[in-house]
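entry.tsv, holding TSV, C-alpha atoms:
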chain	number	residue	atom	x	y	z
A	1	MET	CA	6.97	18.61	11.59
A	2	ILE	CA	4.11	20.45	13.32
A	3	ILE	CA	1.51	18.25	11.60
A	4	LEU	CA	3.25	15.04	12.65
A	5	TRP	CA	3.72	16.12	16.27
A	6	THR	CA	0.03	17.12	16.32
A	7	ILE	CA	-0.84	13.56	15.23
A	8	VAL	CA	1.42	12.19	17.99
A	9	LEU	CA	-0.24	14.44	20.59
A	10	LEU	CA	-3.76	13.49	19.48
A	11	ARG	CA	-2.84	9.81	19.58
A	12	LYS	CA	-1.47	10.22	23.09
A	13	LEU	CA	-4.65	11.98	24.25
A	14	LEU	CA	-6.96	9.41	22.65
A	15	SER	CA	-4.98	6.29	23.54
A	16	SER	CA	-3.62	4.94	26.80
A	17	LYS	CA	-0.61	3.42	25.02
A	18	ALA	CA	2.62	5.38	25.01
A	19	ASP	CA	5.91	4.89	23.19
A	20	ASN	CA	8.90	4.06	25.36
A	21	THR	CA	11.63	6.08	23.70
A	22	SER	CA	15.13	6.28	25.11
A	23	PHE	CA	17.20	9.40	24.48
A	24	LYS	CA	19.74	7.33	22.54
A	25	GLU	CA	17.09	5.90	20.22
A	26	ALA	CA	15.33	9.23	19.77
A	27	LEU	CA	18.66	10.76	18.80
A	28	LEU	CA	19.26	7.95	16.32
A	29	VAL	CA	15.86	8.32	14.69
A	30	ALA	CA	16.34	12.10	14.58
A	31	MET	CA	19.33	11.37	12.37
A	32	GLY	CA	16.66	11.40	9.69
A	33	THR	CA	18.30	14.72	8.83
A	34	SER	CA	19.22	12.68	5.77
A	35	THR	CA	15.74	13.35	4.38
A	36	GLY	CA	16.48	17.08	4.64
A	37	LEU	CA	19.75	16.55	2.81
A	38	VAL	CA	17.86	14.82	-0.02
A	39	SER	CA	15.87	17.99	-0.70
A	40	ILE	CA	18.87	20.31	-0.43
A	41	PHE	CA	21.14	18.25	-2.67
A	42	TYR	CA	18.42	17.47	-5.24
A	43	TYR	CA	17.35	21.10	-5.61
A	44	LYS	CA	21.01	22.07	-6.05
A	45	CYS	CA	21.29	19.31	-8.64
A	46	VAL	CA	18.38	20.51	-10.80
A	47	GLN	CA	19.92	23.98	-10.87
A	48	ALA	CA	22.98	22.55	-12.61
A	49	VAL	CA	21.71	19.66	-14.79
A	50	PRO	CA	18.58	18.95	-16.86
A	51	ALA	CA	15.65	17.47	-14.94
A	52	SER	CA	15.84	14.22	-16.95
A	53	ILE	CA	19.41	13.65	-15.74
A	54	ALA	CA	18.65	14.84	-12.21
A	55	ILE	CA	15.93	12.22	-11.71
A	56	LEU	CA	18.21	9.55	-13.14
A	57	LEU	CA	20.91	10.53	-10.63
A	58	LEU	CA	18.44	10.45	-7.75
A	59	MET	CA	17.24	6.99	-8.77
A	60	GLN	CA	20.74	5.67	-8.14
A	61	PHE	CA	19.49	5.06	-4.61
A	62	THR	CA	18.12	1.74	-5.90
A	63	TRP	CA	21.54	0.13	-6.29
A	64	MET	CA	23.03	2.11	-3.40
A	65	SER	CA	20.36	0.70	-1.08
A	66	LEU	CA	20.94	-2.81	-2.38
A	67	LEU	CA	24.70	-2.43	-1.85
A	68	LEU	CA	24.29	-0.99	1.64
A	69	ASP	CA	21.82	-3.72	2.57
A	70	SER	CA	24.31	-6.36	1.40
A	71	ILE	CA	27.11	-4.76	3.44
A	72	ILE	CA	24.96	-4.60	6.58
A	73	LYS	CA	23.71	-8.18	6.22
A	74	ARG	CA	27.08	-9.41	4.88
A	75	LYS	CA	25.23	-11.23	2.14
A	76	LEU	CA	25.48	-10.84	-1.62
A	77	PRO	CA	22.30	-9.69	-3.37
A	78	SER	CA	20.44	-12.27	-5.42
A	79	LEU	CA	20.55	-12.27	-9.21
A	80	LEU	CA	16.87	-11.35	-9.23
A	81	GLN	CA	17.54	-8.27	-7.06
A	82	ILE	CA	20.38	-7.18	-9.33
A	83	ALA	CA	18.28	-7.75	-12.46
A	84	THR	CA	15.40	-5.80	-10.92
A	85	VAL	CA	17.62	-2.80	-10.10
A	86	VAL	CA	19.07	-2.82	-13.64
A	87	LEU	CA	15.51	-2.89	-15.03
A	88	VAL	CA	14.52	0.05	-12.80
A	89	LEU	CA	17.54	2.11	-13.87
A	90	PHE	CA	16.96	1.38	-17.57
A	91	GLY	CA	13.28	2.26	-17.18
A	92	THR	CA	14.29	5.48	-15.41
A	93	ALA	CA	16.59	6.41	-18.28
A	94	LEU	CA	13.71	5.91	-20.75
A	95	ALA	CA	11.15	7.73	-18.58
A	96	GLY	CA	13.60	10.59	-18.17
A	97	ARG	CA	14.06	10.78	-21.98
A	98	LEU	CA	17.79	10.32	-21.56
A	99	PHE	CA	18.01	8.66	-24.98
A	100	SER	CA	15.80	11.23	-26.72
A	101	GLY	CA	18.66	13.12	-28.32
A	102	THR	CA	21.91	14.87	-27.58
A	103	ILE	CA	22.68	15.45	-23.92
A	104	PRO	CA	22.86	19.19	-23.20
A	105	ASP	CA	25.78	20.79	-21.38
A	106	PHE	CA	25.72	20.55	-17.61
A	107	GLU	CA	27.93	21.31	-14.64
A	108	LEU	CA	29.93	18.54	-12.99
A	109	SER	CA	28.79	19.84	-9.61
A	110	GLY	CA	25.24	18.85	-10.57
A	111	ILE	CA	26.33	15.22	-10.94
A	112	VAL	CA	27.94	15.34	-7.49
A	113	TYR	CA	24.84	16.90	-5.92
A	114	GLY	CA	22.61	14.32	-7.60
A	115	LEU	CA	24.65	11.39	-6.30
A	116	LEU	CA	24.76	12.96	-2.84
A	117	ALA	CA	20.96	13.23	-2.95
A	118	ALA	CA	20.73	9.55	-3.89
A	119	PHE	CA	23.09	8.56	-1.06
A	120	SER	CA	21.15	10.69	1.43
A	121	TYR	CA	17.93	9.00	0.31
A	122	THR	CA	19.60	5.63	0.87
A	123	LEU	CA	20.51	6.67	4.43
A	124	PHE	CA	16.93	7.83	4.99
A	125	LEU	CA	15.60	4.42	3.95
A	126	MET	CA	18.16	2.67	6.14
A	127	VAL	CA	17.35	4.77	9.24
A	128	ASN	CA	13.63	4.27	8.68
A	129	GLY	CA	14.05	0.52	8.43
A	130	SER	CA	16.52	-0.12	11.25
A	131	ALA	CA	15.88	2.35	14.06
A	132	GLY	CA	12.92	2.81	16.36
A	133	ASN	CA	10.85	0.00	14.89
A	134	HIS	CA	8.96	-0.49	18.17
A	135	LEU	CA	7.77	3.12	18.02
A	136	HIS	CA	4.45	4.08	16.50
A	137	PRO	CA	5.04	5.25	12.89
A	138	ALA	CA	3.69	8.71	13.74
A	139	THR	CA	6.19	9.13	16.58
A	140	LYS	CA	9.01	7.76	14.47
A	141	SER	CA	8.15	10.03	11.54
A	142	ALA	CA	7.86	13.08	13.81
A	143	LEU	CA	11.36	12.43	15.19
A	144	ILE	CA	12.77	12.01	11.69
A	145	LEU	CA	11.15	15.23	10.46
A	146	THR	CA	12.36	17.06	13.57
A	147	GLY	CA	15.93	16.27	12.59
A	148	ALA	CA	15.25	17.36	9.01
A	149	CYS	CA	13.60	20.59	10.17
A	150	ILE	CA	16.53	21.50	12.45
A	151	LEU	CA	19.00	20.86	9.64
A	152	ILE	CA	17.12	22.88	7.01
A	153	PHE	CA	16.40	25.80	9.34
A	154	THR	CA	20.08	25.88	10.28
A	155	ILE	CA	21.16	26.12	6.64
A	156	PHE	CA	18.21	28.22	5.46
A	157	PRO	CA	16.87	30.42	8.30
A	158	PRO	CA	13.03	30.56	8.14
A	159	VAL	CA	12.76	34.23	7.21
A	160	PHE	CA	9.51	33.42	5.36
A	161	LEU	CA	7.81	33.36	8.77
A	162	VAL	CA	8.40	37.08	9.25
A	163	ASN	CA	8.82	38.63	5.79
A	164	GLY	CA	5.23	38.06	4.67
A	165	ALA	CA	5.99	35.38	2.07
A	166	LEU	CA	4.09	32.71	4.01
A	167	PHE	CA	0.69	34.32	3.43
A	168	ASP	CA	1.62	35.70	0.03
A	169	GLY	CA	1.12	32.41	-1.80
A	170	LEU	CA	3.75	30.24	-0.09
A	171	PHE	CA	1.38	28.62	2.42
A	172	LYS	CA	-0.99	27.32	-0.27
A	173	TRP	CA	1.72	25.36	-2.07
A	174	GLY	CA	3.75	24.68	1.04
A	175	ILE	CA	0.93	22.83	2.78
A	176	LEU	CA	0.41	20.62	-0.29
A	177	LEU	CA	4.12	19.85	-0.54
A	178	ALA	CA	4.21	19.19	3.20
A	179	LEU	CA	1.32	16.71	3.15
A	180	PHE	CA	2.34	14.77	0.06
A	181	GLY	CA	6.11	15.21	0.41
A	182	THR	CA	7.04	15.11	4.09
A	183	VAL	CA	4.03	13.93	6.11
A	184	ILE	CA	2.43	11.01	4.29
A	185	PRO	CA	5.63	9.39	2.85
A	186	PRO	CA	7.54	9.08	6.18
A	187	LEU	CA	4.44	7.65	7.85
A	188	PHE	CA	4.03	4.98	5.18
A	189	TYR	CA	7.76	4.31	5.10
A	190	ALA	CA	7.74	3.82	8.88
A	191	TYR	CA	4.98	1.23	8.47
A	192	GLY	CA	6.42	-0.54	5.44
A	193	ILE	CA	10.22	-0.57	5.44
A	194	PRO	CA	10.67	-2.67	8.62
A	195	LYS	CA	8.35	-5.26	7.05
A	196	VAL	CA	9.92	-5.56	3.59
A	197	GLY	CA	13.55	-4.62	4.20
A	198	LEU	CA	15.87	-2.01	2.73
A	199	GLY	CA	16.51	-3.73	-0.62
A	200	LEU	CA	12.87	-4.27	-1.58
A	201	SER	CA	11.75	-0.90	-0.21
A	202	ALA	CA	14.24	0.83	-2.51
A	203	ILE	CA	12.76	-0.99	-5.51
A	204	LEU	CA	9.22	-0.14	-4.40
A	205	SER	CA	10.23	3.50	-3.97
A	206	ALA	CA	11.01	3.60	-7.67
A	207	ALA	CA	7.23	3.87	-8.16
A	208	GLU	CA	7.56	7.61	-7.57
A	209	LEU	CA	8.84	8.16	-11.12
A	210	PRO	CA	5.87	6.47	-12.88
A	211	VAL	CA	3.54	8.49	-10.64
A	212	ALA	CA	5.40	11.70	-11.54
A	213	VAL	CA	5.10	10.94	-15.27
A	214	LEU	CA	1.40	10.07	-14.90
A	215	MET	CA	0.62	13.22	-12.91
A	216	SER	CA	2.52	15.42	-15.35
A	217	SER	CA	0.26	14.07	-18.07
A	218	LEU	CA	-3.07	14.18	-16.19
A	219	VAL	CA	-2.64	17.29	-14.04
A	220	LEU	CA	-0.17	19.48	-15.92
A	221	ASN	CA	-1.22	18.33	-19.42
A	222	GLU	CA	2.43	17.92	-20.38
A	223	GLU	CA	3.35	15.87	-23.42
A	224	VAL	CA	4.58	12.42	-22.43
A	225	TRP	CA	6.44	10.53	-25.12
A	226	ALA	CA	5.87	6.87	-25.93
A	227	VAL	CA	9.41	6.06	-24.81
A	228	GLN	CA	8.56	7.54	-21.40
A	229	TRP	CA	5.53	5.26	-21.06
A	230	LEU	CA	7.81	2.35	-21.99
A	231	GLY	CA	10.15	3.39	-19.17
A	232	VAL	CA	7.20	3.57	-16.77
A	233	ALA	CA	6.11	0.07	-17.85
A	234	LEU	CA	9.62	-1.30	-17.21
A	235	ILE	CA	9.73	0.22	-13.71
A	236	LEU	CA	6.29	-1.17	-12.86
A	237	ALA	CA	7.36	-4.56	-14.24
A	238	ALA	CA	10.44	-4.48	-11.98
A	239	ILE	CA	8.30	-3.66	-8.94
A	240	LEU	CA	5.85	-6.42	-9.85
A	241	LEU	CA	8.70	-8.88	-10.34
A	242	SER	CA	10.25	-8.11	-6.96
A	243	ASN	CA	6.90	-8.47	-5.19
A	244	LEU	CA	5.98	-11.69	-6.93
A	245	ASN	CA	9.25	-13.18	-5.71
A	246	SER	CA	8.49	-12.08	-2.14
A	247	LEU	CA	4.98	-13.52	-2.33
A	248	ARG	CA	6.37	-16.80	-3.68
A	249	LYS	CA	8.74	-17.07	-0.72
A	250	GLN	CA	5.89	-16.43	1.72
A	251	LYS	CA	3.73	-19.04	0.01
A	252	ASN	CA	6.47	-21.68	0.13
A	253	SER	CA	7.38	-21.00	3.76
A	254	PRO	CA	5.95	-23.51	6.26
A	255	PRO	CA	2.90	-22.32	8.19
A	256	LYS	CA	3.37	-21.25	11.79
A	257	VAL	CA	2.05	-23.66	14.38
A	258	VAL	CA	-0.04	-21.94	17.04
A	259	ALA	CA	0.03	-23.60	20.43
A	260	ALA	CA	-3.32	-24.39	21.97

Go through the file and emit its structure as structure tokens.
Amino acid sequence: MIILWTIVLLRKLLSSKADNTSFKEALLVAMGTSTGLVSIFYYKCVQAVPASIAILLLMQFTWMSLLLDSIIKRKLPSLLQIATVVLVLFGTALAGRLFSGTIPDFELSGIVYGLLAAFSYTLFLMVNGSAGNHLHPATKSALILTGACILIFTIFPPVFLVNGALFDGLFKWGILLALFGTVIPPLFYAYGIPKVGLGLSAILSAAELPVAVLMSSLVLNEEVWAVQWLGVALILAAILLSNLNSLRKQKNSPPKVVAA
């Protein structure tokens, strides 16, 4: 949150343009507390179920987003969208090694937490795509993270600021997680989601699993099975398919006539 508000402040000092934000809209964007709920519910989920099942539960946001988008627009999703989501979910199951053997015992509460995390992620995508679109992405992201920060600090008081944990190894990993988990993604979401819509953005967001599998192999030197690479390929194929369809629609649309 501090990093994003610093970016907003620097932009305000270096630019004459300012965002016109009403209290009502700022409050709506700050409802991005949903992104804080994603973390809380997902971390509770992985405590109760295997990681391969936890990621599969989280990826349910793909069809949840498509369903919510259809409800909001009062329009049924296309067959291609449905097929793409099915492909993503099947690829996720393979990448998560769900079919690698017997499923270990797990707590039912973990399933509930995982689905709540997926639903919270769906709400985060919806808020990012529908509210405050005239705001600069940095301002919008800062408001969203402010809501998340208030929520998390309410549930988990920030005792790490005073008990010495911050400079005892927490800061080193915390700053990396902050940059790549809660600074860069909201900024890019704020740029992209209003342009592509909730349904397509959910499919594009599925790219996080292939990246996670790739990084586990390259950085952590973990063994990645062939079936996992097959799952990654299916997810990437689904993303490619959804984008090719969007590009085809843009190509077939009539060009805009610019008045002289």

- Query: What is the atom CA of Phe119 of chain A to atom CA of Ser34 of chain A distance in Å?
  - Reply: 8.9 Å

Please provide as a short mmCIF file (atom, residue, chain, number, x, y, z; two decimals) with C-alpha atoms, in the coordinates of the input all residues within 10 Å of Leu200 of chain A, with the sequence filter that same-chain residues fewer than 4 positions apart are discarded (counting only C-alpha atoms).
data_model
loop_
_atom_site.label_atom_id
_atom_site.label_comp_id
_atom_site.auth_asym_id
_atom_site.auth_seq_id
_atom_site.Cartn_x
_atom_site.Cartn_y
_atom_site.Cartn_z
CA THR A 62 18.12 1.74 -5.90
CA SER A 65 20.36 0.70 -1.08
CA LEU A 66 20.94 -2.81 -2.38
CA ASP A 69 21.82 -3.72 2.57
CA GLN A 81 17.54 -8.27 -7.06
CA THR A 84 15.40 -5.80 -10.92
CA VAL A 85 17.62 -2.80 -10.10
CA ILE A 193 10.22 -0.57 5.44
CA LYS A 195 8.35 -5.26 7.05
CA VAL A 196 9.92 -5.56 3.59
CA LEU A 204 9.22 -0.14 -4.40
CA SER A 205 10.23 3.50 -3.97
CA ILE A 239 8.30 -3.66 -8.94
CA SER A 242 10.25 -8.11 -6.96
CA ASN A 243 6.90 -8.47 -5.19
CA SER A 246 8.49 -12.08 -2.14
#

- Task: Identify, on the basis of only C-alpha atoms, every residue whose closest approach to segment 213-225 of chain A does not exceed 10 Å; exclude the query and any residue fewer than 3 positions from it along the same chain; express the result as an MDAnalysis selection string.
- Result: chainID A and resid 94:97 100 208:210 228:232

Would you kindly return, as a PDB file with C-alpha atoms, keeping the file's coordinate frame, each protein, DNA or RNA residue with an atom no farther than 9 Å from any atom of Ala178 of chain A, considering all atoms listed in the file and excluding same-chain residues fewer than 6 positions away?
ATOM      1  CA  MET A   1       6.970  18.610  11.590  1.00  0.00           C
ATOM      2  CA  ILE A   3       1.510  18.250  11.600  1.00  0.00           C
ATOM      3  CA  ILE A 184       2.430  11.010   4.290  1.00  0.00           C
TER       4      ILE A 184
END

- To one decimal place, how far is atom CA of Phe156 of chain A from atom CA of Ala51 of chain A in Å?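 It comes out at 23.2 Å.
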
- Query: Which residue gives the smallest distance to Leu135 of chain A among A:Ile7, A:Ala26, A:Ala238, A:Ile53, with all atoms listed in the file counted?
  - Reply: A:Ala26

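For the choices A:Leu177, A:Leu9, A:Leu58, A:Val127, the atom-to-atom distance to Gly197 of chain A is smallest for A:Val127 when using all atoms listed in the file.
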
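The shortest atom-to-atom distance to Ile72 of chain A, with all atoms listed in the file taken into account, belongs to A:Met126 out of A:Met126, A:Val162, A:Ile235, A:Ile40.
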
- One decimal, Å: what's the distance from atom CA of Leu198 of chain A over to atom CA of Ser109 of chain A, could you say?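 Value for the atom CA of Leu198 of chain A-atom CA of Ser109 of chain A distance: 28.2 Å.
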
Extract, using all atoms listed in the file, all DNA, RNA and protein residues at most 10 Å from Leu98 of chain A, discarding same-chain residues fewer than 5 positions from it, and format them as a CSV table (one decimal) with C-alpha atoms, in the coordinates of the input.
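The resulting result16.csv:
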chain,number,residue,atom,x,y,z
A,50,PRO,CA,18.6,19.0,-16.9
A,51,ALA,CA,15.6,17.5,-14.9
A,52,SER,CA,15.8,14.2,-17.0
A,53,ILE,CA,19.4,13.6,-15.7
A,56,LEU,CA,18.2,9.6,-13.1
A,90,PHE,CA,17.0,1.4,-17.6
A,92,THR,CA,14.3,5.5,-15.4
A,93,ALA,CA,16.6,6.4,-18.3
A,103,ILE,CA,22.7,15.4,-23.9
A,227,VAL,CA,9.4,6.1,-24.8
A,228,GLN,CA,8.6,7.5,-21.4

- When distances are computed from all atoms listed in the file, which of A:Leu240, A:Leu187, A:Ser201, A:Leu176 shows the smallest separation from Leu143 of chain A?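 Between A:Leu240, A:Leu187, A:Ser201, A:Leu176, the residue approaching Leu143 of chain A most closely is A:Leu187.
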
- Selected residue, from A:Leu4, A:Ile175, A:Cys45, A:Ala30, that lies nearest to Ala117 of chain A when counting all atoms listed in the file: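 When distances to Ala117 of chain A are compared using all atoms listed in the file, the smallest one comes from A:Cys45.
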
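Checking A:Thr35, A:Gln60, A:Ser120, A:Asn128 one by one against Ile203 of chain A, counting all atoms listed in the file, you find the shortest gap at A:Gln60.
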
Exercise on segment 58-63 of chain A, axis-aligned box with 5 Å per side, report centre and edge lengths in Å to one decimal, as AutoDock Vina command-line options:
--center_x 19.4 --center_y 5.3 --center_z -6.7 --size_x 14.3 --size_y 20.3 --size_z 14.2

Atoms are missing here; could segment 207-218 of chain A be completed with all heavy atoms and written as a PDB file, in the frame of the given file?
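The file below, rebuild-v6.pdb, is the result:
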ATOM      1  N   ALA A 207       8.561   3.570  -7.628  1.00  0.00           N
ATOM      2  CA  ALA A 207       7.230   3.870  -8.160  1.00  0.00           C
ATOM      3  C   ALA A 207       6.975   5.367  -8.240  1.00  0.00           C
ATOM      4  O   ALA A 207       6.045   5.804  -8.933  1.00  0.00           O
ATOM      5  CB  ALA A 207       6.157   3.221  -7.276  1.00  0.00           C
ATOM      6  N   GLU A 208       7.797   6.171  -7.544  1.00  0.00           N
ATOM      7  CA  GLU A 208       7.560   7.610  -7.570  1.00  0.00           C
ATOM      8  C   GLU A 208       7.742   8.205  -8.969  1.00  0.00           C
ATOM      9  O   GLU A 208       7.084   9.182  -9.318  1.00  0.00           O
ATOM     10  CB  GLU A 208       8.482   8.324  -6.585  1.00  0.00           C
ATOM     11  CG  GLU A 208       9.963   8.234  -6.907  1.00  0.00           C
ATOM     12  CD  GLU A 208      10.808   8.955  -5.869  1.00  0.00           C
ATOM     13  OE1 GLU A 208      11.046  10.162  -6.061  1.00  0.00           O
ATOM     14  OE2 GLU A 208      11.223   8.337  -4.887  1.00  0.00           O
ATOM     15  N   LEU A 209       8.624   7.619  -9.773  1.00  0.00           N
ATOM     16  CA  LEU A 209       8.840   8.160 -11.120  1.00  0.00           C
ATOM     17  C   LEU A 209       7.636   7.898 -12.024  1.00  0.00           C
ATOM     18  O   LEU A 209       7.166   8.825 -12.704  1.00  0.00           O
ATOM     19  CB  LEU A 209      10.116   7.589 -11.728  1.00  0.00           C
ATOM     20  CG  LEU A 209      10.469   8.134 -13.114  1.00  0.00           C
ATOM     21  CD1 LEU A 209      10.624   9.646 -13.072  1.00  0.00           C
ATOM     22  CD2 LEU A 209      11.741   7.495 -13.635  1.00  0.00           C
ATOM     23  N   PRO A 210       7.087   6.665 -12.085  1.00  0.00           N
ATOM     24  CA  PRO A 210       5.870   6.470 -12.880  1.00  0.00           C
ATOM     25  C   PRO A 210       4.726   7.383 -12.448  1.00  0.00           C
ATOM     26  O   PRO A 210       3.988   7.902 -13.284  1.00  0.00           O
ATOM     27  CB  PRO A 210       5.527   4.992 -12.622  1.00  0.00           C
ATOM     28  CG  PRO A 210       6.833   4.341 -12.338  1.00  0.00           C
ATOM     29  CD  PRO A 210       7.621   5.372 -11.580  1.00  0.00           C
ATOM     30  N   VAL A 211       4.591   7.598 -11.133  1.00  0.00           N
ATOM     31  CA  VAL A 211       3.540   8.490 -10.640  1.00  0.00           C
ATOM     32  C   VAL A 211       3.792   9.913 -11.115  1.00  0.00           C
ATOM     33  O   VAL A 211       2.861  10.625 -11.522  1.00  0.00           O
ATOM     34  CB  VAL A 211       3.464   8.437  -9.100  1.00  0.00           C
ATOM     35  CG1 VAL A 211       2.503   9.506  -8.577  1.00  0.00           C
ATOM     36  CG2 VAL A 211       3.013   7.060  -8.642  1.00  0.00           C
ATOM     37  N   ALA A 212       5.060  10.345 -11.085  1.00  0.00           N
ATOM     38  CA  ALA A 212       5.400  11.700 -11.540  1.00  0.00           C
ATOM     39  C   ALA A 212       5.077  11.888 -13.022  1.00  0.00           C
ATOM     40  O   ALA A 212       4.533  12.926 -13.426  1.00  0.00           O
ATOM     41  CB  ALA A 212       6.882  11.973 -11.285  1.00  0.00           C
ATOM     42  N   VAL A 213       5.395  10.864 -13.828  1.00  0.00           N
ATOM     43  CA  VAL A 213       5.100  10.940 -15.270  1.00  0.00           C
ATOM     44  C   VAL A 213       3.589  10.971 -15.495  1.00  0.00           C
ATOM     45  O   VAL A 213       3.077  11.765 -16.302  1.00  0.00           O
ATOM     46  CB  VAL A 213       5.728   9.743 -16.007  1.00  0.00           C
ATOM     47  CG1 VAL A 213       5.284   9.725 -17.468  1.00  0.00           C
ATOM     48  CG2 VAL A 213       7.249   9.809 -15.931  1.00  0.00           C
ATOM     49  N   LEU A 214       2.856  10.125 -14.750  1.00  0.00           N
ATOM     50  CA  LEU A 214       1.400  10.070 -14.900  1.00  0.00           C
ATOM     51  C   LEU A 214       0.755  11.396 -14.502  1.00  0.00           C
ATOM     52  O   LEU A 214      -0.126  11.913 -15.205  1.00  0.00           O
ATOM     53  CB  LEU A 214       0.842   8.927 -14.047  1.00  0.00           C
ATOM     54  CG  LEU A 214      -0.678   8.705 -14.110  1.00  0.00           C
ATOM     55  CD1 LEU A 214      -1.098   8.316 -15.528  1.00  0.00           C
ATOM     56  CD2 LEU A 214      -1.105   7.641 -13.114  1.00  0.00           C
ATOM     57  N   MET A 215       1.192  11.970 -13.375  1.00  0.00           N
ATOM     58  CA  MET A 215       0.620  13.220 -12.910  1.00  0.00           C
ATOM     59  C   MET A 215       0.965  14.386 -13.827  1.00  0.00           C
ATOM     60  O   MET A 215       0.156  15.305 -14.012  1.00  0.00           O
ATOM     61  CB  MET A 215       1.101  13.515 -11.484  1.00  0.00           C
ATOM     62  CG  MET A 215       0.626  12.511 -10.451  1.00  0.00           C
ATOM     63  SD  MET A 215      -1.173  12.424 -10.327  1.00  0.00           S
ATOM     64  CE  MET A 215      -1.513  13.961  -9.490  1.00  0.00           C
ATOM     65  N   SER A 216       2.157  14.356 -14.415  1.00  0.00           N
ATOM     66  CA  SER A 216       2.520  15.420 -15.350  1.00  0.00           C
ATOM     67  C   SER A 216       1.617  15.401 -16.570  1.00  0.00           C
ATOM     68  O   SER A 216       1.334  16.440 -17.168  1.00  0.00           O
ATOM     69  CB  SER A 216       3.989  15.288 -15.771  1.00  0.00           C
ATOM     70  OG  SER A 216       4.177  14.130 -16.564  1.00  0.00           O
ATOM     71  N   SER A 217       1.157  14.199 -16.926  1.00  0.00           N
ATOM     72  CA  SER A 217       0.260  14.070 -18.070  1.00  0.00           C
ATOM     73  C   SER A 217      -1.175  14.463 -17.705  1.00  0.00           C
ATOM     74  O   SER A 217      -1.824  15.219 -18.428  1.00  0.00           O
ATOM     75  CB  SER A 217       0.288  12.627 -18.592  1.00  0.00           C
ATOM     76  OG  SER A 217      -0.652  12.448 -19.628  1.00  0.00           O
ATOM     77  N   LEU A 218      -1.672  13.961 -16.567  1.00  0.00           N
ATOM     78  CA  LEU A 218      -3.070  14.180 -16.190  1.00  0.00           C
ATOM     79  C   LEU A 218      -3.326  15.560 -15.612  1.00  0.00           C
ATOM     80  O   LEU A 218      -4.334  16.186 -15.924  1.00  0.00           O
ATOM     81  CB  LEU A 218      -3.498  13.103 -15.181  1.00  0.00           C
ATOM     82  CG  LEU A 218      -3.495  11.648 -15.668  1.00  0.00           C
ATOM     83  CD1 LEU A 218      -3.931  10.712 -14.551  1.00  0.00           C
ATOM     84  CD2 LEU A 218      -4.407  11.482 -16.885  1.00  0.00           C
TER      85      LEU A 218
END
